[in-house]
Amino acid sequence: MGSAVIVDIVRTASGKGKPGGALSGVHPAELLATVLRALVERNGLDPATVDDVIAGCVGQAGDQALNIARTALLAAGFPESVPGTTIDRQCGSSQQAAHFAAQGVMAGAYDIAIACGVESMSRVPMGKAVIDGNPQSVLDARYPSLPNQGIGAELIAARWKLDREALDAYSAESHRRAAEYAAAGGFDKDIVPVFLPDGSEHAADETVRPSTTIEGLGGLKPSFYTEEMAQRYPEINWVITPGNSSPLTDGASAALIMSEEKAAALGLTPRARFHTFAVAGSDPEIMLTGPIPATHKVLAKSGLRIGDIDAYEVNEAFAPVPLAWAAEFEADPARLNPRGGAIALGHPLGGSGTRLLSTLLNQLEATGGRYGLQTMCEGGGMANATIIERL
């Protein structure tokens with residue numbers, strides 16, 4: 001079986017996922033088209049040579065309905081001969097797209113593929129894809145009343161004994177790191193500008209707040225407390241707030257993936273190769289602990305130890321997720337989301353997987369690291385894990 005390499009990765013800057021956010025006036029298919037165009041233009045690639053475009057998107061309704069991968073590639077000017085498909089593994093959708101693209105290359109099904117993802121949470125709010133009824137009702141006999149992800153985050157905080165101060169301190173540090181890297185031009189290699197309806201460009205993450213402090217976060221009220229939930233979960237201390245959670249976000253990202261042989265034939269220099277893949281299921285009630293079994297699985301398959309990994313991107317859906325993961329693996333805090341995570345940089349659901357991959361690869365290149373690990377929790381109790389090797 002051959003290897004699959006990453007030639008390039010790009011992303012848009014984040015926009016606040018609400019009306020009036022920087023990217024709210026841009027159609028999500030155009031957000032995705034922006035990164036697709038940038039990939040082929042930056043690498044002098046004939047888009048007709050792309051075998052498939054695989055896009056992650058969670059809210060496949062409204063402006064994001066009807067296979068947004070195909071809509072976006074046509075909007076980007078790709079030839080009609082290029083196919084596209086849209087997948088949903090919840091927050092890990094574009095990370096799964098990268099797995100599928102790389103695995104297709106390794107199996108010989110593709111020479112060149114693009115893995116990408118998009119979410120416009122200002123235009124397609126969470127839950128909009130559920131038009132009528134309750135799709136989880138068939139699970140009622142096994143799981144009588146599945147809570148939302150916020151309750152899952154509260155349960156993690158309670159079970160790992162993570163108090164409000166620890167969560168807020170971690171969140172403030174996420175903003176500090178992201179702001180520091182942004183000020184130093186650390187994201188310039190990743191970000192491609194989005195042209196807005198008024199003719200201006202958006203090229204800086206709108207969700208990063210350099211002025212964030214522990215004290216400021218401490219004044220925020222818990223997001224998920226209700227009397228009913230307090231009675232149902234007496235162990236919860238109600239520590240999850242908007243400040244230690246990822247914000248609603250608009251954005252897109254994309255990775256150019258191909259075989260080493262094809263890269264050589266095109267005169268392109270691979271930046272990294274895919275080393276090991278894993279995907280795991282976890283308890284759908286607590287929901288967000290999937291990165292732990294997924295990481296155990298990917299490390300076992302790779303033959304590597306956590307100490308061999310030079311940087312880890314663990315998606316900051318909520319602050320307890322990376323903190324519990326770090327406690328499980330006794331991970332080095334300095335290597336965990338070293339450029340800030342989703343609490344600062346945003347979490348555009350279907351677009352986050354390839355965004356994390358971009359941040360991870362750029363960190364390895366900046367520091368000379370060899371191995372990087374990426375993992376993220378996913379709705380319904382799942383997680384993907386990926387190890388890449390810098391070339």
# chains A, B, ... in the order shown; residues from 1 in each chain; ligands from 1
>>> residues_around(residues="region 373-382 of chain A", least_positions_apart="2", cutoff="6 Å", atoms="only C-alpha atoms", output="list in words")
Gln90, Cys91, Gly92, Ala280, Gly281, Ser282, Asp283, Pro284, Met287, Leu288, Gly290, Pro291, Tyr312, Glu313, Val314, Asn315, Asn384, Ala385, Thr386 and Ile387 of chain A
>>> select_by_dssp(residues="region 56-278 of chain A", states="strand (DSSP E)", output="PyMOL selection string")
chain A and resi 56+84-87+112-120+194-195+201-202+249-259+272-278
>>> residues_around(residues="Asp188 (chain A)", least_positions_apart="6", cutoff="10 Å", atoms="only C-alpha atoms", output="PyMOL selection string")
chain A and resi 10+13+181-182+203-204
>>> write_last_selection(atoms="C-alpha atoms", output="mmCIF file, in the first residue's frame")
data_model
loop_
_atom_site.group_PDB
_atom_site.id
_atom_site.type_symbol
_atom_site.label_atom_id
_atom_site.label_comp_id
_atom_site.auth_asym_id
_atom_site.auth_seq_id
_atom_site.Cartn_x
_atom_site.Cartn_y
_atom_site.Cartn_z
ATOM 1 C CA VAL A 10 -5.423 26.452 3.890
ATOM 2 C CA ALA A 13 -10.055 33.212 9.217
ATOM 3 C CA TYR A 181 0.813 33.767 17.294
ATOM 4 C CA ALA A 182 -1.496 35.993 15.289
ATOM 5 C CA ALA A 203 -8.182 37.654 6.919
ATOM 6 C CA ALA A 204 -7.951 37.707 10.752
#
>>> closest_residue(among="A:Ile6, A:Val26, A:Ile68, A:Leu220", to="Thr354 (chain A)", atoms="only C-alpha atoms")
A:Ile6
>>> closest_residue(among="A:Thr71, A:Thr49, A:Thr295, A:Asn244", to="Ala113 (chain A)", atoms="only C-alpha atoms")
A:Thr49
>>> closest_residue(among="A:Gly62, A:Val40, A:Asp308, A:Ile343", to="Ala179 (chain A)", atoms="only C-alpha atoms")
A:Ile343
>>> residues_around(residues="Leu39 (chain A)", least_positions_apart="3", cutoff="8 Å", atoms="only C-alpha atoms", output="VMD selection string")
chain A and resid 8 to 10 35 to 36 42 to 43 254 to 256
>>> closest_residue(among="A:Glu235, A:Asp310, A:Glu228, A:Asp140", to="Ala157 (chain A)", atoms="only C-alpha atoms")
A:Glu235
>>> residues_around(residues="region 250-252 of chain A", least_positions_apart="6", cutoff="8 Å", atoms="only C-alpha atoms", output="number ranges by chain")
A: 11-17, 23-24, 31-32, 35, 116-122, 347-348, 351-352, 355
>>> write_last_selection(atoms="N, CA and C atoms", output="mmCIF file, in the first residue's frame")
data_model
loop_
_atom_site.group_PDB
_atom_site.id
_atom_site.type_symbol
_atom_site.label_atom_id
_atom_site.label_comp_id
_atom_site.auth_asym_id
_atom_site.auth_seq_id
_atom_site.Cartn_x
_atom_site.Cartn_y
_atom_site.Cartn_z
ATOM 1 N N ARG A 11 -6.989 27.708 5.199
ATOM 2 C CA ARG A 11 -8.254 27.941 5.893
ATOM 3 C C ARG A 11 -8.640 29.396 5.765
ATOM 4 N N THR A 12 -9.907 29.667 5.999
ATOM 5 C CA THR A 12 -10.334 31.052 6.158
ATOM 6 C C THR A 12 -10.069 31.457 7.604
ATOM 7 N N ALA A 13 -10.005 32.731 7.841
ATOM 8 C CA ALA A 13 -10.055 33.212 9.217
ATOM 9 C C ALA A 13 -11.466 32.974 9.755
ATOM 10 N N SER A 14 -11.582 32.865 11.063
ATOM 11 C CA SER A 14 -12.890 32.610 11.667
ATOM 12 C C SER A 14 -13.747 33.871 11.651
ATOM 13 N N GLY A 15 -15.042 33.644 11.602
ATOM 14 C CA GLY A 15 -16.011 34.713 11.779
ATOM 15 C C GLY A 15 -16.989 34.314 12.867
ATOM 16 N N LYS A 16 -17.486 35.257 13.606
ATOM 17 C CA LYS A 16 -18.473 34.944 14.641
ATOM 18 C C LYS A 16 -19.731 34.383 13.990
ATOM 19 N N GLY A 17 -20.178 33.235 14.485
ATOM 20 C CA GLY A 17 -21.289 32.532 13.857
ATOM 21 C C GLY A 17 -22.648 33.041 14.272
ATOM 22 N N LEU A 23 -18.269 36.942 8.573
ATOM 23 C CA LEU A 23 -18.507 36.097 7.399
ATOM 24 C C LEU A 23 -19.984 35.776 7.182
ATOM 25 N N SER A 24 -20.851 36.377 7.961
ATOM 26 C CA SER A 24 -22.274 36.025 7.875
ATOM 27 C C SER A 24 -22.899 36.416 6.545
ATOM 28 N N LEU A 31 -17.613 30.251 0.876
ATOM 29 C CA LEU A 31 -16.526 30.071 1.840
ATOM 30 C C LEU A 31 -15.681 28.867 1.458
ATOM 31 N N LEU A 32 -16.354 27.760 1.150
ATOM 32 C CA LEU A 32 -15.636 26.550 0.781
ATOM 33 C C LEU A 32 -14.948 26.721 -0.574
ATOM 34 N N VAL A 35 -11.428 28.398 -0.302
ATOM 35 C CA VAL A 35 -10.249 27.593 0.051
ATOM 36 C C VAL A 35 -9.913 26.592 -1.055
ATOM 37 N N CYS A 116 -11.843 18.652 2.861
ATOM 38 C CA CYS A 116 -12.183 20.020 3.242
ATOM 39 C C CYS A 116 -13.396 20.013 4.161
ATOM 40 N N GLY A 117 -13.792 21.184 4.606
ATOM 41 C CA GLY A 117 -14.980 21.287 5.443
ATOM 42 C C GLY A 117 -15.418 22.722 5.590
ATOM 43 N N VAL A 118 -16.672 22.900 5.926
ATOM 44 C CA VAL A 118 -17.237 24.234 6.052
ATOM 45 C C VAL A 118 -18.384 24.213 7.040
ATOM 46 N N GLU A 119 -18.602 25.342 7.690
ATOM 47 C CA GLU A 119 -19.809 25.538 8.489
ATOM 48 C C GLU A 119 -20.071 27.030 8.575
ATOM 49 N N SER A 120 -21.289 27.422 8.244
ATOM 50 C CA SER A 120 -21.736 28.790 8.453
ATOM 51 C C SER A 120 -22.805 28.734 9.537
ATOM 52 N N MET A 121 -22.370 28.885 10.778
ATOM 53 C CA MET A 121 -23.299 28.759 11.900
ATOM 54 C C MET A 121 -24.157 30.003 12.054
ATOM 55 N N SER A 122 -23.796 31.083 11.360
ATOM 56 C CA SER A 122 -24.660 32.261 11.344
ATOM 57 C C SER A 122 -25.863 32.035 10.437
ATOM 58 N N HIS A 347 -14.818 27.254 16.266
ATOM 59 C CA HIS A 347 -15.136 25.856 15.954
ATOM 60 C C HIS A 347 -16.263 25.827 14.928
ATOM 61 N N PRO A 348 -15.915 26.014 13.640
ATOM 62 C CA PRO A 348 -16.938 25.931 12.600
ATOM 63 C C PRO A 348 -17.258 24.477 12.250
ATOM 64 N N GLY A 351 -15.882 22.372 9.454
ATOM 65 C CA GLY A 351 -14.604 22.882 8.972
ATOM 66 C C GLY A 351 -13.465 22.763 9.954
ATOM 67 N N SER A 352 -13.718 22.239 11.142
ATOM 68 C CA SER A 352 -12.687 22.254 12.179
ATOM 69 C C SER A 352 -11.608 21.199 11.988
ATOM 70 N N ARG A 355 -8.983 22.407 9.766
ATOM 71 C CA ARG A 355 -8.362 23.573 10.414
ATOM 72 C C ARG A 355 -7.338 23.112 11.446
#
>>> closest_residue(among="A:Ala178, A:Leu266, A:Leu196, A:Ala107", to="Thr212 (chain A)", atoms="only C-alpha atoms")
A:Ala178
>>> closest_residue(among="A:Asn337, A:Ser3, A:Thr34, A:Ser145", to="Val105 (chain A)", atoms="only C-alpha atoms")
A:Ser3
>>> residues_around(residues="Arg70 (chain A)", least_positions_apart="5", cutoff="12 Å", atoms="only C-alpha atoms", output="list in words")
Ala29, Glu30, Leu32, Ala33, Leu36, Asp52, Val53, Ile54, Ala55, Gly56, Gln64, Ala65, Ala75, Ala76, Gly77, Phe78, Pro79, Glu80, Ser81, Val82, Pro83, Gly84, Thr85, Thr86, Ile87 and Cys116 of chain A
>>> atom_distance(atom1="CA of Gly243 (chain A)", atom2="CA of Leu217 (chain A)")
5.7 Å
>>> select_by_dssp(residues="region 132-172 of chain A", states="helix (DSSP H, G or I)", output="MDAnalysis selection string")
chainID A and resid 137:139 149:159 164:172
>>> atom_distance(atom1="CA of Ala61 (chain A)", atom2="CA of Pro144 (chain A)")
27.2 Å
>>> closest_atom_pairs(of="region 239-263 of chain A", to="region 146-153 of chain A", cutoff="10 Å", atoms="only C-alpha atoms", output="tab-separated table")
residue	atom	partner	partner_atom	distance
A:Val239	CA	A:Ala153	CA	9.1
A:Ile240	CA	A:Ala153	CA	7.2
A:Thr241	CA	A:Gly150	CA	9.1
A:Ser245	CA	A:Gly150	CA	8.8
>>> atom_distance(atom1="CA of Ser93 (chain A)", atom2="CA of Cys57 (chain A)")
6.3 Å
